[in-house]
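*Asks:* Submitted below is the structure of interest, expressed as structure tokens.
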Amino acid sequence: MRTGVVRDWAWPAVVAVLAGLALSAAGCEADKPAPAVNTVQPSGSWTLVRWLKSRSDTEAGRGQAVERRLALTPSCAAGKCAVAVHPDGVGGGYLPEGYTAPDADAADKAPYTLSWKGSTATYEYAAAAEVVSCTAAGGTVVPAAYEVTSSTTLTFTPAKDGRPAALRGTYTDRARGVGAGVAAGCTDFDTVWTVAAAPSLTKPDTGVDIAGKYLVTEVVQLVEPGGQRPPGYAGILIDTATVARSGTGYTLSGTGPPPATLAATATGWGGETSTPAVCNLGAGDIAGGFARVEHWDQVRPVATTGQGTPVLTGRWSLRFAPTPVGAAAGCGGSSNTGYVLFVPKASI
């Protein structure tokens with residue numbers, strides 16, 4: 001019996017989220033240390049994105065991403081030393097504004113510490129083992145089925161020649177069946193995630209060239225009508241989205257033609273397309289029954305990969321709004337709104 005079964009979402013096409021734990025964990029420092037001034041270590045507000053590089057029991061879900069907001073405080077005023085990590089997101093947690101996540105992730109507010117390892121010039125953190133559930137074939141959830149251990153290894157690059165500081169490295173999970181999980185046939189697996197982080201920006205940098213090919217993850221904020229996917233459901237929205245230069249802006253190939261035209265705004269890059277769409281009814285198709293409206297907003301770079309290509313975040317929505325013709329025929333509207341993360345395809 002295989003765990004982490006991947007299922008397709010009929011509309012829009014989204015791959016089911018794979019097992020993954022928050023980078024932060026409990027059991028570390030309870031008090032935030034006094035601020036320190038240290039130019040050779042990461043400090044201040046940071047945005048961290050990690051994406052799935054590999055999972056030992058399946059190829060599905062590679063590139064799917066999550067985001068966290070961190071406040072970093074070195075424990076020394078000079079040189080290299082441990083760095084305390086505290087939440088820097090909304091509500092005292094690690095999540096950015098507008099990012100809905102499962103209850104366990106949303107409730108996570110525990111600080112932890114990145115230890116400095118001089119022999120490898122890396123920051124490291126190993127979380128205490130945690131017992132979690134297993135989703136078996138057929139969708140059966142088996143509680144207390146896995147013991148999961150996770151670890152993080154990061155390398156810091158100071159700001160230089162106009163390039164922002166960066167933290168890059170890996171995050172790993174090791175899941176082993178225990179108790180009911182073994183009896184249910186939940187298979188062991190290991191995951192490796194690529195991590196990229198940079199100081200959080202107070203306003204978007206639209207001077208960075210974002211042209212390229214990306215895998216886009218959506219974290220659902222709201223799907224209507226209900227009963228499809230709940231808020232916090234995450235999955236791959238677009239396997240290959242092409243962002244190309246066009247005049248002073250960009251075009252973005254979204255979930256369907258035509259591509260959106262993105263222009264610079266006060267909150268990042270954004271744009272919208274509206275095209276006629278067929279309304280499918282049991283009695284027949286209604287041509288032009290819907291206006292298909294795809295909207296992109298707040299698309300901005302938040303970090304860079306080891307190759308120097310930007311990692312982006314933003315907001316996305318897709319609405320099928322009944323036209324007068326569609327409404328008269330009984331066509332009902334639908335919509336999907338979510339937070340999106342763009343990971344360069346070359347880094348997956």
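The way I read the labels, and the way they are meant: chains A, B, ... in the order of the structure tokens, residue 1 as the first residue of every chain, and ligand 1 as the first ligand shown, with later ones counted on from there.
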Please provide as a ChimeraX atom specification all residues within 10 Å of Arg168 of chain A, with the sequence filter that same-chain residues fewer than 5 positions apart are discarded (counting only C-alpha atoms).
*Replies:* /A:48-50,122,153-157,194-198,303-306
*Asks:* Let me see the file: selected residues, N, CA and C atoms, as a PDB file, in the first residue's frame.
*Replies:*
ATOM      1  N   LEU A  48      11.234  32.843   3.009  1.00  0.00           N
ATOM      2  CA  LEU A  48      11.807  31.541   2.655  1.00  0.00           C
ATOM      3  C   LEU A  48      10.819  30.749   1.806  1.00  0.00           C
ATOM      4  N   VAL A  49      11.308  30.214   0.696  1.00  0.00           N
ATOM      5  CA  VAL A  49      10.521  29.323  -0.158  1.00  0.00           C
ATOM      6  C   VAL A  49      11.282  28.008  -0.282  1.00  0.00           C
ATOM      7  N   ARG A  50      10.577  26.903  -0.148  1.00  0.00           N
ATOM      8  CA  ARG A  50      11.201  25.604  -0.402  1.00  0.00           C
ATOM      9  C   ARG A  50      10.306  24.799  -1.328  1.00  0.00           C
ATOM     10  N   THR A 122      28.076  26.090   7.457  1.00  0.00           N
ATOM     11  CA  THR A 122      26.634  26.017   7.229  1.00  0.00           C
ATOM     12  C   THR A 122      25.869  26.234   8.528  1.00  0.00           C
ATOM     13  N   THR A 153      19.829  22.294   6.309  1.00  0.00           N
ATOM     14  CA  THR A 153      21.210  22.745   6.162  1.00  0.00           C
ATOM     15  C   THR A 153      21.223  23.914   5.189  1.00  0.00           C
ATOM     16  N   LEU A 154      21.754  25.070   5.627  1.00  0.00           N
ATOM     17  CA  LEU A 154      21.711  26.287   4.821  1.00  0.00           C
ATOM     18  C   LEU A 154      23.084  26.945   4.743  1.00  0.00           C
ATOM     19  N   THR A 155      23.349  27.566   3.603  1.00  0.00           N
ATOM     20  CA  THR A 155      24.566  28.354   3.396  1.00  0.00           C
ATOM     21  C   THR A 155      24.179  29.812   3.200  1.00  0.00           C
ATOM     22  N   PHE A 156      24.888  30.707   3.864  1.00  0.00           N
ATOM     23  CA  PHE A 156      24.587  32.134   3.790  1.00  0.00           C
ATOM     24  C   PHE A 156      25.543  32.837   2.834  1.00  0.00           C
ATOM     25  N   THR A 157      24.979  33.674   1.960  1.00  0.00           N
ATOM     26  CA  THR A 157      25.766  34.522   1.066  1.00  0.00           C
ATOM     27  C   THR A 157      25.437  35.976   1.375  1.00  0.00           C
ATOM     28  N   THR A 194      14.493  21.771  -1.854  1.00  0.00           N
ATOM     29  CA  THR A 194      15.456  22.848  -2.081  1.00  0.00           C
ATOM     30  C   THR A 194      14.945  24.107  -1.384  1.00  0.00           C
ATOM     31  N   VAL A 195      15.850  24.819  -0.711  1.00  0.00           N
ATOM     32  CA  VAL A 195      15.478  26.012   0.053  1.00  0.00           C
ATOM     33  C   VAL A 195      16.160  27.244  -0.536  1.00  0.00           C
ATOM     34  N   ALA A 196      15.394  28.319  -0.697  1.00  0.00           N
ATOM     35  CA  ALA A 196      15.944  29.615  -1.104  1.00  0.00           C
ATOM     36  C   ALA A 196      15.264  30.694  -0.274  1.00  0.00           C
ATOM     37  N   ALA A 197      16.057  31.583   0.313  1.00  0.00           N
ATOM     38  CA  ALA A 197      15.506  32.646   1.152  1.00  0.00           C
ATOM     39  C   ALA A 197      16.276  33.933   0.916  1.00  0.00           C
ATOM     40  N   ALA A 198      15.601  35.051   1.159  1.00  0.00           N
ATOM     41  CA  ALA A 198      16.210  36.369   0.998  1.00  0.00           C
ATOM     42  C   ALA A 198      15.521  37.340   1.938  1.00  0.00           C
ATOM     43  N   ALA A 303      13.056  35.660  -3.780  1.00  0.00           N
ATOM     44  CA  ALA A 303      14.324  34.985  -3.502  1.00  0.00           C
ATOM     45  C   ALA A 303      14.951  34.623  -4.841  1.00  0.00           C
ATOM     46  N   THR A 304      16.163  34.065  -4.804  1.00  0.00           N
ATOM     47  CA  THR A 304      16.814  33.591  -6.024  1.00  0.00           C
ATOM     48  C   THR A 304      17.373  32.199  -5.795  1.00  0.00           C
ATOM     49  N   THR A 305      17.447  31.428  -6.870  1.00  0.00           N
ATOM     50  CA  THR A 305      18.042  30.097  -6.797  1.00  0.00           C
ATOM     51  C   THR A 305      19.560  30.219  -6.808  1.00  0.00           C
ATOM     52  N   GLY A 306      20.238  29.085  -6.673  1.00  0.00           N
ATOM     53  CA  GLY A 306      21.691  29.089  -6.734  1.00  0.00           C
ATOM     54  C   GLY A 306      22.219  29.530  -8.085  1.00  0.00           C
TER      55      GLY A 306
END
*Asks:* Expressed in Å to a single decimal, how great is the separation between atom CA of Glu130 of chain A and atom CA of Gly235 of chain A?
*Replies:* 23.5 Å
*Asks:* Using only C-alpha atoms, which of A:Pro301, A:Gly289, A:Pro42, A:Gly314 sits nearest Ala328 of chain A?
*Replies:*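 Of the candidates, the smallest distance to Ala328 of chain A is held by A:Gly289.
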*Asks:* Work out how far apart atom CA of Asp161 of chain A and atom CA of Gly308 of chain A are and give it in Å to one decimal.
*Replies:*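 If I compute the distance from atom CA of Asp161 of chain A to atom CA of Gly308 of chain A, I get 13.4 Å.
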*Asks:* Hey, which of A:Arg229, A:Gly63, A:Gly332, A:Asp108 ends up closest to Ala346 of chain A? Count only C-alpha atoms.
*Replies:*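 When distances to Ala346 of chain A are compared using only C-alpha atoms, the smallest one comes from A:Gly63.
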*Asks:* Fewer than 6 positions away in the same chain doesn't count, so skip those; otherwise give me all residues within 12 Å of Ala287 of chain A, counting only C-alpha atoms, as a PyMOL selection string.
*Replies:* chain A and resi 275-281+322-326+329+331
*Asks:* Take the residues just selected and output them with C-alpha atoms as a PDB file, in the first residue's frame.
*Replies:*
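Listing of again11.pdb after writing:
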ATOM      1  CA  THR A 275     -12.531  35.497 -23.012  1.00  0.00           C
ATOM      2  CA  PRO A 276     -15.853  33.867 -23.947  1.00  0.00           C
ATOM      3  CA  ALA A 277     -16.265  30.275 -22.785  1.00  0.00           C
ATOM      4  CA  VAL A 278     -18.777  27.516 -23.401  1.00  0.00           C
ATOM      5  CA  CYS A 279     -21.265  26.639 -20.658  1.00  0.00           C
ATOM      6  CA  ASN A 280     -21.841  22.881 -20.620  1.00  0.00           C
ATOM      7  CA  LEU A 281     -25.379  21.911 -19.663  1.00  0.00           C
ATOM      8  CA  PRO A 322     -22.335  33.723 -16.502  1.00  0.00           C
ATOM      9  CA  THR A 323     -23.081  36.112 -19.353  1.00  0.00           C
ATOM     10  CA  PRO A 324     -26.684  37.282 -19.902  1.00  0.00           C
ATOM     11  CA  VAL A 325     -27.076  34.451 -22.420  1.00  0.00           C
ATOM     12  CA  GLY A 326     -25.624  31.935 -19.971  1.00  0.00           C
ATOM     13  CA  ALA A 329     -29.975  29.293 -19.880  1.00  0.00           C
ATOM     14  CA  CYS A 331     -25.468  28.477 -16.258  1.00  0.00           C
TER      15      CYS A 331
END
*Asks:* Restricting the calculation to only C-alpha atoms, which member of A:Leu312, A:Val131, A:Asn336, A:Thr206 is positioned closest to Gln228 of chain A?
*Replies:* A:Asn336
*Asks:* DSSP on the backbone, alpha helix (DSSP H) only: what residues of segment 12-230 of chain A does that give? Format it as a ChimeraX atom specification.
*Replies:* /A:103-107,180-184
*Asks:* Report as a PDB file with C-alpha atoms, in the first residue's frame: the residues of segment 74-144 of chain A with a DSSP assignment of strand (DSSP E or B), based on the backbone of this structure.
*Replies:*
ATOM      1  CA  PRO A  74      22.281  36.281  15.424  1.00  0.00           C
ATOM      2  CA  VAL A  83      20.892  32.369  14.674  1.00  0.00           C
ATOM      3  CA  ALA A  84      17.541  32.439  16.471  1.00  0.00           C
ATOM      4  CA  VAL A  85      14.491  32.016  14.227  1.00  0.00           C
ATOM      5  CA  HIS A  86      11.107  33.482  15.157  1.00  0.00           C
ATOM      6  CA  PRO A  87       7.882  33.817  13.157  1.00  0.00           C
ATOM      7  CA  TYR A 112      13.912  27.464  16.858  1.00  0.00           C
ATOM      8  CA  THR A 113      17.662  27.910  16.399  1.00  0.00           C
ATOM      9  CA  LEU A 114      19.944  27.501  13.404  1.00  0.00           C
ATOM     10  CA  SER A 115      23.268  26.271  14.777  1.00  0.00           C
ATOM     11  CA  TRP A 116      26.518  27.373  13.135  1.00  0.00           C
ATOM     12  CA  LYS A 117      28.787  24.533  11.979  1.00  0.00           C
ATOM     13  CA  THR A 122      26.634  26.017   7.229  1.00  0.00           C
ATOM     14  CA  TYR A 123      23.672  26.693   9.490  1.00  0.00           C
ATOM     15  CA  GLU A 124      21.878  23.547  10.633  1.00  0.00           C
ATOM     16  CA  TYR A 125      18.721  22.547  12.441  1.00  0.00           C
ATOM     17  CA  ALA A 126      17.378  19.087  13.319  1.00  0.00           C
ATOM     18  CA  GLU A 130       7.099  13.860  15.284  1.00  0.00           C
ATOM     19  CA  VAL A 131       4.331  11.274  14.901  1.00  0.00           C
ATOM     20  CA  VAL A 132       1.960  12.014  12.005  1.00  0.00           C
ATOM     21  CA  SER A 133      -0.795  10.309  10.019  1.00  0.00           C
ATOM     22  CA  CYS A 134      -0.556   8.300   6.809  1.00  0.00           C
ATOM     23  CA  THR A 135      -2.949   8.563   3.855  1.00  0.00           C
ATOM     24  CA  VAL A 141      -6.265   8.279   6.906  1.00  0.00           C
ATOM     25  CA  VAL A 142      -4.331   6.209   9.449  1.00  0.00           C
ATOM     26  CA  PRO A 143      -3.527   8.242  12.602  1.00  0.00           C
ATOM     27  CA  ALA A 144      -0.164   7.954  14.381  1.00  0.00           C
TER      28      ALA A 144
END
*Asks:* Thr47 of chain A: which residues within 10 Å, counting only C-alpha atoms, same-chain residues fewer than 3 positions away excluded, as a list in words?
*Replies:*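 My reading of the contact set: Glu67, Arg68, Arg69, Leu70, Ala71, Asp88, Gly89, Tyr94, Leu95, Pro96, Ala166, Leu167, Ala196, Ala197, Ala198, Pro199, Ser200, Leu201, Val302 and Ala303 of chain A.
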*Asks:* How would the residues just chosen look if you wrote them out with N, CA and C atoms as a tab-separated table (two decimals), in the first residue's frame?
*Replies:*
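File part-v7.tsv, as written:
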chain	number	residue	atom	x	y	z
A	67	GLU	N	5.84	28.57	1.34
A	67	GLU	CA	6.52	29.81	1.75
A	67	GLU	C	6.37	30.03	3.24
A	68	ARG	N	7.42	30.59	3.86
A	68	ARG	CA	7.39	30.95	5.26
A	68	ARG	C	8.08	32.31	5.45
A	69	ARG	N	7.68	33.04	6.48
A	69	ARG	CA	8.29	34.33	6.83
A	69	ARG	C	9.01	34.19	8.17
A	70	LEU	N	10.28	34.59	8.20
A	70	LEU	CA	11.13	34.38	9.37
A	70	LEU	C	11.74	35.69	9.85
A	71	ALA	N	11.94	35.79	11.16
A	71	ALA	CA	12.72	36.87	11.76
A	71	ALA	C	13.99	36.24	12.32
A	88	ASP	N	7.62	35.60	11.53
A	88	ASP	CA	7.53	36.98	11.07
A	88	ASP	C	6.37	37.15	10.10
A	89	GLY	N	5.36	36.27	10.24
A	89	GLY	CA	4.20	36.34	9.37
A	89	GLY	C	3.00	36.92	10.07
A	94	TYR	N	4.21	31.94	10.94
A	94	TYR	CA	5.21	31.94	9.88
A	94	TYR	C	4.62	32.19	8.48
A	95	LEU	N	3.30	32.35	8.36
A	95	LEU	CA	2.68	32.43	7.05
A	95	LEU	C	2.56	33.87	6.56
A	96	PRO	N	2.74	34.11	5.24
A	96	PRO	CA	2.56	35.46	4.70
A	96	PRO	C	1.08	35.82	4.62
A	166	ALA	N	21.49	36.04	0.73
A	166	ALA	CA	20.71	34.84	0.42
A	166	ALA	C	21.04	33.72	1.39
A	167	LEU	N	20.06	32.90	1.66
A	167	LEU	CA	20.23	31.62	2.33
A	167	LEU	C	19.75	30.54	1.37
A	196	ALA	N	15.39	28.32	-0.70
A	196	ALA	CA	15.94	29.62	-1.10
A	196	ALA	C	15.26	30.69	-0.27
A	197	ALA	N	16.06	31.58	0.31
A	197	ALA	CA	15.51	32.65	1.15
A	197	ALA	C	16.28	33.93	0.92
A	198	ALA	N	15.60	35.05	1.16
A	198	ALA	CA	16.21	36.37	1.00
A	198	ALA	C	15.52	37.34	1.94
A	199	PRO	N	16.16	38.47	2.24
A	199	PRO	CA	15.50	39.47	3.08
A	199	PRO	C	14.17	39.91	2.48
A	200	SER	N	13.15	40.01	3.31
A	200	SER	CA	11.83	40.42	2.84
A	200	SER	C	11.86	41.87	2.38
A	201	LEU	N	11.16	42.15	1.27
A	201	LEU	CA	11.11	43.50	0.73
A	201	LEU	C	9.87	44.22	1.23
A	302	VAL	N	10.91	37.06	-4.70
A	302	VAL	CA	11.11	37.05	-3.24
A	302	VAL	C	12.43	36.39	-2.85
A	303	ALA	N	13.06	35.66	-3.78
A	303	ALA	CA	14.32	34.99	-3.50
A	303	ALA	C	14.95	34.62	-4.84
